[in-house]
>>> print(open('entry_22.csv').read())   # CSV, C-alpha atoms
chain,number,residue,atom,x,y,z
A,1,MET,CA,-21.5,-21.3,-5.0
A,2,THR,CA,-18.3,-20.7,-3.2
A,3,LEU,CA,-17.1,-24.2,-3.9
A,4,ILE,CA,-17.5,-23.5,-7.6
A,5,ALA,CA,-16.3,-19.8,-7.7
A,6,LEU,CA,-13.1,-20.0,-5.6
A,7,PRO,CA,-11.4,-22.9,-7.4
A,8,LEU,CA,-12.5,-21.5,-10.8
A,9,PHE,CA,-11.0,-18.1,-9.8
A,10,LEU,CA,-7.7,-19.7,-8.9
A,11,LEU,CA,-7.7,-21.7,-12.2
A,12,LEU,CA,-8.3,-18.5,-14.2
A,13,LEU,CA,-5.5,-16.8,-12.3
A,14,ALA,CA,-3.2,-19.7,-13.1
A,15,LEU,CA,-4.1,-19.2,-16.8
A,16,ALA,CA,-2.9,-15.6,-16.5
A,17,LEU,CA,-6.3,-14.0,-17.0
A,18,PRO,CA,-6.4,-10.4,-15.5
A,19,ILE,CA,-7.5,-10.6,-11.9
A,20,GLY,CA,-10.6,-8.4,-12.4
A,21,TYR,CA,-11.9,-10.6,-15.2
A,22,ALA,CA,-11.0,-13.7,-13.3
A,23,LEU,CA,-13.1,-12.5,-10.3
A,24,LEU,CA,-16.1,-11.6,-12.4
A,25,GLY,CA,-16.0,-14.7,-14.6
A,26,ALA,CA,-15.6,-17.1,-11.8
A,27,SER,CA,-18.4,-15.5,-9.7
A,28,SER,CA,-20.8,-15.3,-12.7
A,29,ILE,CA,-20.2,-19.0,-13.5
A,30,GLY,CA,-20.6,-19.9,-9.8
A,31,ILE,CA,-24.0,-18.1,-9.7
A,32,ALA,CA,-25.2,-19.6,-13.0
A,33,LEU,CA,-24.3,-23.2,-12.1
A,34,SER,CA,-25.9,-22.9,-8.6
A,35,GLY,CA,-29.3,-22.4,-10.1
A,36,SER,CA,-30.4,-20.6,-6.9
A,37,TYR,CA,-30.1,-17.1,-8.1
A,38,PRO,CA,-30.6,-15.4,-11.5
A,39,LEU,CA,-27.4,-14.4,-13.3
A,40,SER,CA,-28.5,-10.8,-13.3
A,41,ILE,CA,-27.6,-10.7,-9.6
A,42,ALA,CA,-23.9,-10.6,-10.7
A,43,ALA,CA,-24.5,-7.4,-12.7
A,44,GLN,CA,-26.5,-5.9,-9.8
A,45,ARG,CA,-23.7,-6.6,-7.3
A,46,PHE,CA,-21.1,-5.5,-9.8
A,47,PHE,CA,-22.6,-2.0,-10.0
A,48,ASP,CA,-23.8,-1.8,-6.4
A,49,ALA,CA,-20.2,-1.8,-5.3
A,50,THR,CA,-19.7,1.7,-6.7
A,51,GLN,CA,-22.6,3.3,-4.8
A,52,SER,CA,-20.5,4.8,-2.0
A,53,SER,CA,-19.5,8.4,-1.8
A,54,LEU,CA,-16.4,7.4,0.1
A,55,LEU,CA,-15.0,5.8,-3.1
A,56,LEU,CA,-15.0,9.2,-4.8
A,57,ALA,CA,-12.0,10.0,-2.7
A,58,ILE,CA,-9.9,7.5,-4.5
A,59,PRO,CA,-9.5,9.2,-7.9
A,60,PHE,CA,-8.9,12.6,-6.3
A,61,PHE,CA,-6.2,11.4,-3.9
A,62,ILE,CA,-4.5,9.6,-6.8
A,63,LEU,CA,-4.7,12.7,-8.9
A,64,ALA,CA,-3.3,14.9,-6.1
A,65,GLY,CA,-0.3,12.5,-5.7
A,66,GLU,CA,0.2,12.4,-9.5
A,67,LEU,CA,0.3,16.2,-9.6
A,68,LEU,CA,2.8,16.6,-6.8
A,69,ILE,CA,5.1,13.8,-7.8
A,70,ALA,CA,5.3,14.8,-11.4
A,71,GLY,CA,6.7,18.3,-10.7
A,72,THR,CA,10.0,19.7,-9.5
A,73,LEU,CA,8.7,19.2,-6.0
A,74,GLY,CA,9.5,15.5,-6.3
A,75,GLN,CA,13.1,16.2,-7.1
A,76,ARG,CA,13.3,18.5,-4.1
A,77,ILE,CA,12.0,15.8,-1.8
A,78,ILE,CA,14.7,13.4,-3.1
A,79,HIS,CA,17.3,16.1,-2.5
A,80,PHE,CA,16.0,16.7,1.0
A,81,ALA,CA,16.2,13.0,1.8
A,82,GLY,CA,19.8,12.9,0.6
A,83,LEU,CA,20.7,15.8,2.9
A,84,LEU,CA,19.2,13.9,5.9
A,85,VAL,CA,20.8,10.5,5.5
A,86,GLY,CA,23.6,11.1,2.9
A,87,ARG,CA,26.4,10.4,5.4
A,88,VAL,CA,24.9,7.1,6.6
A,89,ARG,CA,26.5,3.8,5.3
A,90,GLY,CA,24.6,2.8,2.1
A,91,ALA,CA,23.6,6.4,1.6
A,92,LEU,CA,21.6,6.0,-1.6
A,93,GLY,CA,19.7,3.1,-0.1
A,94,GLN,CA,18.8,5.2,2.9
A,95,VAL,CA,17.7,8.0,0.6
A,96,SER,CA,15.4,5.6,-1.2
A,97,VAL,CA,13.7,4.6,2.1
A,98,VAL,CA,13.4,8.2,3.4
A,99,THR,CA,12.1,9.4,0.1
A,100,SER,CA,9.4,6.7,0.2
A,101,MET,CA,8.4,7.8,3.7
A,102,LEU,CA,8.1,11.4,2.5
A,103,PHE,CA,6.3,10.5,-0.7
A,104,ALA,CA,3.9,8.2,1.3
A,105,GLY,CA,2.1,11.3,2.6
A,106,VAL,CA,1.5,12.4,-1.0
A,107,SER,CA,0.7,9.4,-3.2
A,108,GLY,CA,-1.2,6.8,-1.1
A,109,SER,CA,-0.1,4.1,-3.6
A,110,ALA,CA,2.8,1.7,-3.4
A,111,VAL,CA,2.8,1.1,-7.1
A,112,ALA,CA,3.0,4.8,-7.9
A,113,ASP,CA,5.9,5.2,-5.5
A,114,ALA,CA,7.7,2.1,-6.9
A,115,SER,CA,7.5,3.4,-10.4
A,116,ALA,CA,8.1,7.1,-9.9
A,117,LEU,CA,10.9,6.8,-7.4
A,118,GLY,CA,12.4,3.6,-8.8
A,119,SER,CA,12.9,5.2,-12.2
A,120,VAL,CA,15.1,7.9,-10.6
A,121,LEU,CA,16.7,6.2,-7.6
A,122,ILE,CA,17.6,2.7,-9.0
A,123,PRO,CA,19.6,4.0,-12.0
A,124,TRP,CA,21.3,6.5,-9.6
A,125,GLN,CA,22.3,3.7,-7.2
A,126,LYS,CA,23.6,1.5,-10.0
A,127,ARG,CA,25.7,4.4,-11.4
A,128,GLU,CA,27.3,4.9,-7.9
A,129,GLY,CA,28.3,1.2,-7.8
A,130,TYR,CA,25.4,-0.3,-5.8
A,131,PRO,CA,24.4,-3.8,-6.9
A,132,GLY,CA,21.3,-3.9,-9.0
A,133,PRO,CA,19.5,-6.5,-6.8
A,134,PHE,CA,20.1,-4.4,-3.7
A,135,ALA,CA,18.7,-1.2,-5.5
A,136,ALA,CA,15.6,-3.1,-6.6
A,137,ALA,CA,15.1,-4.7,-3.2
A,138,VAL,CA,15.3,-1.4,-1.4
A,139,ASN,CA,12.8,0.2,-3.8
A,140,SER,CA,10.3,-2.6,-3.8
A,141,ALA,CA,10.3,-2.9,0.0
A,142,SER,CA,10.3,0.8,0.9
A,143,SER,CA,7.7,1.8,-1.6
A,144,VAL,CA,5.0,-0.1,0.3
A,145,ILE,CA,5.2,2.5,3.1
A,146,GLY,CA,2.9,4.5,0.8
A,147,VAL,CA,-0.1,2.3,1.6
A,148,ILE,CA,0.5,2.6,5.4
A,149,ILE,CA,1.2,6.3,6.0
A,150,PRO,CA,-1.8,8.4,5.1
A,151,PRO,CA,-3.4,9.2,2.7
A,152,SER,CA,-3.7,5.5,1.8
A,153,ILE,CA,-6.0,4.1,-1.0
A,154,PRO,CA,-6.1,0.6,0.6
A,155,LEU,CA,-7.2,2.0,4.0
A,156,ILE,CA,-10.0,3.9,2.2
A,157,ILE,CA,-11.1,0.6,0.6
A,158,TYR,CA,-11.0,-1.2,3.9
A,159,SER,CA,-12.9,1.6,5.6
A,160,SER,CA,-15.7,1.3,3.0
A,161,VAL,CA,-16.0,-2.5,3.8
A,162,ALA,CA,-15.5,-2.4,7.6
A,163,GLN,CA,-17.6,0.8,8.1
A,164,VAL,CA,-15.0,2.5,10.3
A,165,SER,CA,-13.7,6.0,10.3
A,166,VAL,CA,-11.2,6.8,7.5
A,167,GLY,CA,-9.7,9.6,9.7
A,168,THR,CA,-9.1,7.1,12.6
A,169,LEU,CA,-7.5,4.6,10.2
A,170,PHE,CA,-5.3,7.3,8.7
A,171,LEU,CA,-4.1,8.4,12.1
A,172,ALA,CA,-3.6,4.7,13.2
A,173,GLY,CA,-1.3,4.2,10.2
A,174,VAL,CA,1.2,6.9,11.0
A,175,ILE,CA,3.2,5.1,13.8
A,176,PRO,CA,3.3,1.7,12.1
A,177,GLY,CA,4.3,3.4,8.9
A,178,LEU,CA,7.2,5.2,10.6
A,179,ILE,CA,8.2,2.0,12.4
A,180,PHE,CA,8.3,0.1,9.1
A,181,GLY,CA,10.4,2.9,7.6
A,182,GLY,CA,12.8,2.8,10.5
A,183,ALA,CA,13.1,-1.0,10.3
A,184,SER,CA,13.9,-0.6,6.6
A,185,LEU,CA,16.6,2.0,7.4
A,186,ILE,CA,18.2,-0.5,9.8
A,187,ALA,CA,18.0,-3.3,7.2
A,188,VAL,CA,19.7,-1.1,4.6
A,189,TYR,CA,22.4,-0.1,7.1
A,190,LEU,CA,23.2,-3.7,8.0
A,191,ILE,CA,23.4,-4.8,4.4
A,192,ALA,CA,25.5,-1.8,3.4
A,193,ARG,CA,27.9,-2.3,6.3
A,194,ARG,CA,28.4,-5.9,5.4
A,195,GLY,CA,28.9,-5.1,1.7
A,196,ASN,CA,31.0,-2.0,2.5
A,197,TYR,CA,28.7,0.2,0.3
A,198,PRO,CA,29.6,3.8,-0.1
A,199,ARG,CA,28.3,6.9,1.7
A,200,SER,CA,28.6,10.6,1.1
A,201,GLU,CA,31.6,12.4,2.5
A,202,GLN,CA,29.9,15.7,2.3
A,203,PRO,CA,29.7,17.2,5.8
A,204,PHE,CA,26.3,17.5,7.5
A,205,SER,CA,24.9,21.1,7.2
A,206,LEU,CA,22.0,22.2,9.3
A,207,VAL,CA,21.6,25.2,7.0
A,208,ALA,CA,21.3,23.0,3.9
A,209,VAL,CA,18.9,20.6,5.7
A,210,THR,CA,16.7,23.6,6.8
A,211,ARG,CA,16.7,24.9,3.2
A,212,GLY,CA,15.8,21.5,1.9
A,213,LEU,CA,13.0,21.2,4.4
A,214,LEU,CA,11.5,24.5,3.4
A,215,SER,CA,11.7,23.7,-0.3
A,216,SER,CA,9.9,20.4,0.3
A,217,LEU,CA,7.4,21.8,2.8
A,218,PRO,CA,4.5,22.1,0.4
A,219,ALA,CA,4.5,18.3,-0.2
A,220,LEU,CA,5.2,17.5,3.4
A,221,LEU,CA,2.2,19.6,4.6
A,222,MET,CA,-0.3,17.5,2.6
A,223,PRO,CA,-0.7,14.6,5.1
A,224,VAL,CA,-0.8,17.2,7.9
A,225,ILE,CA,-3.7,19.0,6.2
A,226,ILE,CA,-5.5,15.8,5.5
A,227,LEU,CA,-5.2,14.4,9.0
A,228,GLY,CA,-6.0,17.7,10.6
A,229,ALA,CA,-9.2,18.1,8.5
A,230,LEU,CA,-10.3,14.6,9.1
A,231,ILE,CA,-9.7,14.6,12.9
A,232,GLY,CA,-11.2,18.0,13.3
A,233,GLY,CA,-14.3,17.0,11.4
A,234,VAL,CA,-13.9,20.0,9.1
A,235,ALA,CA,-14.9,17.9,6.0
A,236,THR,CA,-15.6,14.4,4.8
A,237,PRO,CA,-12.8,12.3,3.2
A,238,THR,CA,-14.2,12.9,-0.3
A,239,GLU,CA,-14.3,16.7,0.3
A,240,ILE,CA,-10.8,16.6,1.6
A,241,SER,CA,-9.6,14.6,-1.4
A,242,VAL,CA,-10.9,17.4,-3.7
A,243,VAL,CA,-9.2,20.0,-1.5
A,244,ALA,CA,-6.0,18.0,-1.9
A,245,VAL,CA,-6.2,18.2,-5.7
A,246,PHE,CA,-6.8,22.0,-5.5
A,247,TYR,CA,-3.8,22.3,-3.1
A,248,ALA,CA,-1.6,20.3,-5.5
A,249,LEU,CA,-2.7,22.5,-8.4
A,250,VAL,CA,-1.9,25.7,-6.5
A,251,VAL,CA,1.5,24.3,-5.5
A,252,ARG,CA,2.4,23.4,-9.1
A,253,LEU,CA,1.2,26.8,-10.3
A,254,CYS,CA,3.3,28.5,-7.7
A,255,TYR,CA,6.4,26.5,-8.8
A,256,ARG,CA,5.4,27.4,-12.4
A,257,ASP,CA,6.1,23.9,-13.7
A,258,LEU,CA,2.6,22.8,-14.7
A,259,SER,CA,1.9,22.8,-18.4
A,260,PRO,CA,-1.4,21.9,-20.1
A,261,ARG,CA,0.2,18.7,-21.4
A,262,GLY,CA,1.5,17.8,-18.0
A,263,LEU,CA,-1.9,18.4,-16.4
A,264,LEU,CA,-3.5,16.2,-19.0
A,265,GLY,CA,-0.9,13.5,-18.4
A,266,SER,CA,-1.6,13.5,-14.7
A,267,VAL,CA,-5.3,13.4,-15.2
A,268,LEU,CA,-5.0,10.5,-17.7
A,269,SER,CA,-2.6,8.6,-15.4
A,270,ALA,CA,-5.0,9.0,-12.4
A,271,GLY,CA,-7.9,7.9,-14.6
A,272,ARG,CA,-6.2,4.7,-15.6
A,273,ALA,CA,-5.2,3.9,-12.0
A,274,THR,CA,-8.8,4.7,-10.8
A,275,GLY,CA,-10.3,2.5,-13.5
A,276,ALA,CA,-8.1,-0.5,-12.5
A,277,VAL,CA,-9.0,0.0,-8.8
A,278,MET,CA,-12.7,0.3,-9.5
A,279,LEU,CA,-12.8,-2.8,-11.7
A,280,LEU,CA,-11.2,-4.8,-8.9
A,281,ILE,CA,-13.6,-3.4,-6.3
A,282,MET,CA,-16.7,-4.1,-8.5
A,283,ALA,CA,-15.5,-7.6,-9.5
A,284,SER,CA,-14.5,-8.5,-5.9
A,285,SER,CA,-17.9,-7.5,-4.6
A,286,VAL,CA,-19.6,-10.3,-6.6
A,287,LEU,CA,-17.4,-13.0,-5.1
A,288,GLY,CA,-17.7,-11.4,-1.7
A,289,TRP,CA,-21.5,-11.5,-2.0
A,290,ILE,CA,-21.3,-15.2,-2.9
A,291,MET,CA,-19.1,-16.0,0.2
A,292,THR,CA,-21.5,-14.0,2.4
A,293,VAL,CA,-24.6,-15.9,1.0
A,294,ASP,CA,-22.8,-19.2,1.7
A,295,GLN,CA,-22.1,-17.9,5.2
A,296,LEU,CA,-18.3,-18.5,4.8
A,297,PRO,CA,-17.3,-15.9,7.4
A,298,SER,CA,-19.6,-17.3,10.1
A,299,ARG,CA,-18.6,-20.8,9.3
A,300,LEU,CA,-14.9,-19.9,9.6
A,301,VAL,CA,-15.5,-18.3,13.0
A,302,ALA,CA,-17.4,-21.3,14.2
A,303,PHE,CA,-14.6,-23.6,13.0
A,304,VAL,CA,-11.9,-21.6,14.7
A,305,ASP,CA,-14.0,-21.4,17.9
A,306,SER,CA,-14.4,-25.2,17.8
A,307,LEU,CA,-10.6,-25.6,17.9
A,308,GLY,CA,-10.4,-23.8,21.2
A,309,LEU,CA,-7.4,-21.8,20.2
A,310,ALA,CA,-5.9,-19.0,22.3
A,311,ASP,CA,-6.2,-15.5,21.0
A,312,VAL,CA,-2.5,-15.4,20.2
A,313,LEU,CA,-2.9,-18.4,17.9
A,314,ILE,CA,-6.0,-17.0,16.3
A,315,ILE,CA,-4.1,-13.8,15.4
A,316,LEU,CA,-1.2,-16.0,14.1
A,317,PHE,CA,-3.7,-17.9,11.9
A,318,MET,CA,-5.2,-14.6,10.6
A,319,ASN,CA,-1.7,-13.3,9.7
A,320,LEU,CA,-0.7,-16.5,8.0
A,321,LEU,CA,-3.9,-16.5,5.9
A,322,MET,CA,-3.4,-12.8,4.9
A,323,LEU,CA,0.3,-13.3,4.0
A,324,VAL,CA,-0.5,-16.3,1.8
A,325,VAL,CA,-3.4,-14.4,0.1
A,326,GLY,CA,-1.3,-11.3,-0.3
A,327,ALA,CA,1.4,-13.2,-2.0
A,328,VAL,CA,-0.9,-14.4,-4.8
A,329,ILE,CA,-3.7,-11.7,-5.1
A,330,ASP,CA,-3.3,-8.0,-5.6
A,331,MET,CA,-4.0,-5.7,-2.6
A,332,THR,CA,-7.4,-4.3,-3.5
A,333,PRO,CA,-9.3,-7.5,-4.2
A,334,ALA,CA,-7.5,-9.2,-1.3
A,335,ILE,CA,-8.9,-6.5,1.1
A,336,LEU,CA,-12.4,-6.9,-0.4
A,337,LEU,CA,-12.3,-10.7,-0.1
A,338,LEU,CA,-10.5,-11.0,3.3
A,339,ALA,CA,-12.2,-8.2,5.2
A,340,PRO,CA,-15.7,-9.8,5.5
A,341,ILE,CA,-13.9,-13.0,6.7
A,342,MET,CA,-11.5,-11.4,9.1
A,343,ILE,CA,-13.9,-8.9,10.7
A,344,PRO,CA,-16.0,-11.6,12.5
A,345,LEU,CA,-12.8,-13.3,13.6
A,346,ALA,CA,-11.4,-10.1,15.0
A,347,GLU,CA,-14.6,-9.3,16.8
A,348,SER,CA,-14.6,-12.8,18.3
A,349,ILE,CA,-11.4,-12.0,20.1
A,350,ASP,CA,-12.3,-8.4,20.8
A,351,MET,CA,-9.7,-7.0,18.4
A,352,SER,CA,-10.3,-3.4,17.3
A,353,LEU,CA,-11.3,-3.1,13.7
A,354,ILE,CA,-8.8,-0.2,13.4
A,355,GLN,CA,-6.0,-2.6,14.5
A,356,LEU,CA,-7.3,-5.2,12.1
A,357,GLY,CA,-7.3,-2.7,9.2
A,358,ILE,CA,-3.6,-1.7,9.8
A,359,MET,CA,-2.7,-5.4,10.3
A,360,MET,CA,-4.4,-6.4,7.1
A,361,VAL,CA,-2.9,-3.6,5.0
A,362,LEU,CA,0.6,-4.4,6.4
A,363,ASN,CA,0.2,-8.1,5.6
A,364,LEU,CA,-0.9,-7.4,2.1
A,365,ALA,CA,1.8,-4.7,1.7
A,366,ILE,CA,4.4,-7.4,2.4
A,367,GLY,CA,2.8,-9.4,-0.4
A,368,LEU,CA,3.5,-6.5,-2.8
A,369,PHE,CA,7.2,-7.4,-2.7
A,370,THR,CA,6.8,-11.2,-2.3
A,371,PRO,CA,7.0,-13.7,-5.2
A,372,PRO,CA,5.2,-14.9,-7.2
A,373,VAL,CA,2.9,-11.9,-7.9
A,374,GLY,CA,4.6,-9.0,-6.0
A,375,THR,CA,3.8,-5.9,-7.9
A,376,THR,CA,6.6,-3.6,-6.5
A,377,LEU,CA,9.0,-6.6,-6.8
A,378,PHE,CA,8.3,-6.9,-10.6
A,379,ILE,CA,8.4,-3.1,-11.2
A,380,SER,CA,11.7,-2.6,-9.3
A,381,SER,CA,13.4,-5.7,-10.9
A,382,SER,CA,12.3,-4.5,-14.3
A,383,ILE,CA,13.8,-1.0,-13.7
A,384,ALA,CA,17.0,-2.4,-12.3
A,385,GLY,CA,17.3,-4.9,-15.2
A,386,VAL,CA,17.8,-7.9,-12.8
A,387,ARG,CA,16.0,-11.2,-12.4
A,388,ILE,CA,13.1,-11.6,-9.9
A,389,GLU,CA,14.9,-14.3,-8.0
A,390,GLN,CA,18.0,-12.0,-7.5
A,391,THR,CA,15.9,-9.3,-6.0
A,392,ALA,CA,14.0,-11.8,-3.9
A,393,ARG,CA,17.3,-13.0,-2.4
A,394,ALA,CA,18.3,-9.4,-1.7
A,395,LEU,CA,15.0,-8.9,0.0
A,396,VAL,CA,15.5,-11.5,2.8
A,397,PRO,CA,16.6,-9.0,5.4
A,398,PHE,CA,13.7,-6.7,4.6
A,399,TYR,CA,11.2,-9.6,5.0
A,400,LEU,CA,12.6,-10.4,8.4
A,401,PHE,CA,12.3,-6.8,9.6
A,402,ALA,CA,8.8,-6.5,8.0
A,403,LEU,CA,7.7,-9.5,9.9
A,404,LEU,CA,9.0,-8.0,13.2
A,405,VAL,CA,6.9,-4.9,12.5
A,406,LEU,CA,3.9,-7.1,11.7
A,407,VAL,CA,4.3,-8.9,15.1
A,408,LEU,CA,4.2,-5.4,16.8
A,409,VAL,CA,1.1,-4.3,14.9
A,410,SER,CA,-0.6,-7.7,15.6
A,411,TYR,CA,0.2,-8.1,19.3
A,412,VAL,CA,0.6,-4.6,20.7
A,413,PRO,CA,-2.9,-2.9,20.7
A,414,ALA,CA,-1.4,0.0,22.6
A,415,LEU,CA,-0.2,1.2,19.2
A,416,PHE,CA,-3.9,1.9,18.4
A,417,PRO,CA,-5.3,3.9,21.4
A,418,MET,CA,-7.8,5.5,19.0
A,419,GLY,CA,-9.3,2.1,18.1
>>> encode(input="entry_22.csv", output="structure tokens")
Amino acid sequence: MTLIALPLFLLLLALALPIGYALLGASSIGIALSGSYPLSIAAQRFFDATQSSLLLAIPFFILAGELLIAGTLGQRIIHFAGLLVGRVRGALGQVSVVTSMLFAGVSGSAVADASALGSVLIPWQKREGYPGPFAAAVNSASSVIGVIIPPSIPLIIYSSVAQVSVGTLFLAGVIPGLIFGGASLIAVYLIARRGNYPRSEQPFSLVAVTRGLLSSLPALLMPVIILGALIGGVATPTEISVVAVFYALVVRLCYRDLSPRGLLGSVLSAGRATGAVMLLIMASSVLGWIMTVDQLPSRLVAFVDSLGLADVLIILFMNLLMLVVGAVIDMTPAILLLAPIMIPLAESIDMSLIQLGIMMVLNLAIGLFTPPVGTTLFISSSIAGVRIEQTARALVPFYLFALLVLVLVSYVPALFPMG
């Protein structure tokens, strides 16, 4: 079945069929042509994928992020980021990275960050004389921090497949997320110094930074509350996601900037995003079942073992495979398709599944700003009004630093003592 479904899936992708329909169509045809199972198995696996209470956390975390980003609190976070790094060379590029790091603890979605922040920061940078490709590159690369620093929707999806603790995954994502953000800041500085990009001449003020911190504190506290509750065992991830929505509502009401129309808009936006994610989860589960029935994961492990490769080379092979898949397939289906294959490989070399989860998400996050299908790459280029290839060229330094971070995550297990 796999030999039928996978090539057909790639063909449907090449024909520009939406990925959810391509997954379901290819899997259904593969099952039908095999003659070994009734076609009804596709419908059964399609709906069985939704029978997990953990997945209920996805719409609530998305809604919580929508509520906080849409209000004046979002502008306060951008202002606070400007106070922190405004005097550094390439100031507005630095602001974009720091803002993405701050928003990462709110939204959990790279696409949401790329859209929401890019619509504000990219035009601002262009007005101040920054090149459009640079502005698009910074936004597309830094927005993926949102899927590494908790709360992270992709980490929740990986947790549901790998059966590992969401709280431990969230905690494990903090340090790599901060390292990725720091690497992006260095890349921006080096590019800005070479291009002699402007910086703010306003003197640094500890008083202003403190005020900015206090005004942004309600949003910055959300990841602290989430991690604290998960680590302390106070509630389940689903329960905490509901609390996050309630917290976001209270914050918006305290700021008095939440109208009925705004609330409805956030709910509808979260509903659309959830629908897209769930369709991908459901459709991917059918193809995943086919690969499991055909014993693809165990056959891959046996093949790699037969090569007698060192652990270092096996990890390199895993990274290369994930980078290639991440460049052509969206993050959610890529996790659902790759996790069942990568988990046996990781276990064969005694790699922690927590480390594997962060490594997988980071690989696929790089794919989000890599041609030909990079989602944040397309969003940022569209906002900036520049061609994809222009942004891709401006992204080269970010790719290099992202790969350095990936090496650390892949080969330094000390970053994951909780795993």
>>> closest_residue(input="entry_22.csv", among="A:Leu323, A:Leu6, A:Ile358, A:Ala270", to="Val245 in chain A", atoms="all atoms listed in the file")
A:Ala270
>>> atom_distance(input="entry_22.csv", atom1="CA of Ala327 in chain A", atom2="CA of Gly367 in chain A")
4.4 Å
>>> atom_distance(input="entry_22.csv", atom1="CA of Pro133 in chain A", atom2="CA of Ala219 in chain A")
29.7 Å
>>> atom_distance(input="entry_22.csv", atom1="CA of Ala162 in chain A", atom2="CA of Phe416 in chain A")
16.4 Å
>>> residues_around(input="entry_22.csv", residues="Ile354 in chain A", least_positions_apart="2", cutoff="6 Å", atoms="only C-alpha atoms", output="PyMOL selection string")
chain A and resi 169+352+356-357+419
>>> residues_around(input="entry_22.csv", residues="Gly129 in chain A", least_positions_apart="2", cutoff="12 Å", atoms="all atoms listed in the file", output="count of residues only")
21
>>> closest_residue(input="entry_22.csv", among="A:Ser380, A:Ser28, A:Thr391, A:Ser40", to="Ser115 in chain A", atoms="all atoms listed in the file")
A:Ser380
>>> residues_around(input="entry_22.csv", residues="Val85 in chain A", least_positions_apart="5", cutoff="12 Å", atoms="all atoms listed in the file", output="count of residues only")
24
>>> closest_atom_pairs(input="entry_22.csv", of="range 257-295 of chain A", to="range 54-72 of chain A", cutoff="10 Å", atoms="all atoms listed in the file", output="tab-separated table")
residue	atom	partner	partner_atom	distance
A:Asp257	CA	A:Gly71	CA	6.4
A:Leu258	CA	A:Gly71	CA	7.3
A:Gly262	CA	A:Ala70	CA	8.2
A:Leu263	CA	A:Leu67	CA	7.5
A:Gly265	CA	A:Glu66	CA	9.0
A:Ser266	CA	A:Glu66	CA	5.6
A:Val267	CA	A:Leu63	CA	6.4
A:Leu268	CA	A:Leu63	CA	9.1
A:Ser269	CA	A:Glu66	CA	7.6
A:Ala270	CA	A:Leu63	CA	5.1
A:Gly271	CA	A:Pro59	CA	7.0
A:Arg272	CA	A:Pro59	CA	9.5
A:Ala273	CA	A:Ile62	CA	7.7
A:Thr274	CA	A:Pro59	CA	5.4
A:Gly275	CA	A:Pro59	CA	8.8
A:Val277	CA	A:Ile58	CA	8.7
A:Met278	CA	A:Leu55	CA	8.7
A:Ile281	CA	A:Leu55	CA	9.8
>>> residues_around(input="entry_22.csv", residues="Asp311 in chain A", least_positions_apart="4", cutoff="10 Å", atoms="all atoms listed in the file", output="CSV table (one decimal) with C-alpha atoms, in the frame of the given file")
chain,number,residue,atom,x,y,z
A,315,ILE,CA,-4.1,-13.8,15.4
A,316,LEU,CA,-1.2,-16.0,14.1
A,317,PHE,CA,-3.7,-17.9,11.9
A,346,ALA,CA,-11.4,-10.1,15.0
A,348,SER,CA,-14.6,-12.8,18.3
A,349,ILE,CA,-11.4,-12.0,20.1
A,350,ASP,CA,-12.3,-8.4,20.8
A,351,MET,CA,-9.7,-7.0,18.4
A,411,TYR,CA,0.2,-8.1,19.3
>>> decode(input="entry_22.csv", residues="range 166-178 of chain A", atoms="C-alpha atoms", output="PDB file, in the first residue's frame")
ATOM      1  CA  VAL A 166       3.633  17.758  27.044  1.00  0.00           C
ATOM      2  CA  GLY A 167       4.970  19.568  30.089  1.00  0.00           C
ATOM      3  CA  THR A 168       8.413  18.025  29.683  1.00  0.00           C
ATOM      4  CA  LEU A 169       8.412  18.870  25.965  1.00  0.00           C
ATOM      5  CA  PHE A 170       7.402  22.458  26.674  1.00  0.00           C
ATOM      6  CA  LEU A 171      10.153  22.819  29.264  1.00  0.00           C
ATOM      7  CA  ALA A 172      12.685  21.248  26.893  1.00  0.00           C
ATOM      8  CA  GLY A 173      11.813  23.791  24.193  1.00  0.00           C
ATOM      9  CA  VAL A 174      12.696  26.863  26.249  1.00  0.00           C
ATOM     10  CA  ILE A 175      16.515  26.749  26.005  1.00  0.00           C
ATOM     11  CA  PRO A 176      16.670  25.779  22.280  1.00  0.00           C
ATOM     12  CA  GLY A 177      14.102  28.480  21.546  1.00  0.00           C
ATOM     13  CA  LEU A 178      16.182  31.110  23.340  1.00  0.00           C
TER      14      LEU A 178
END
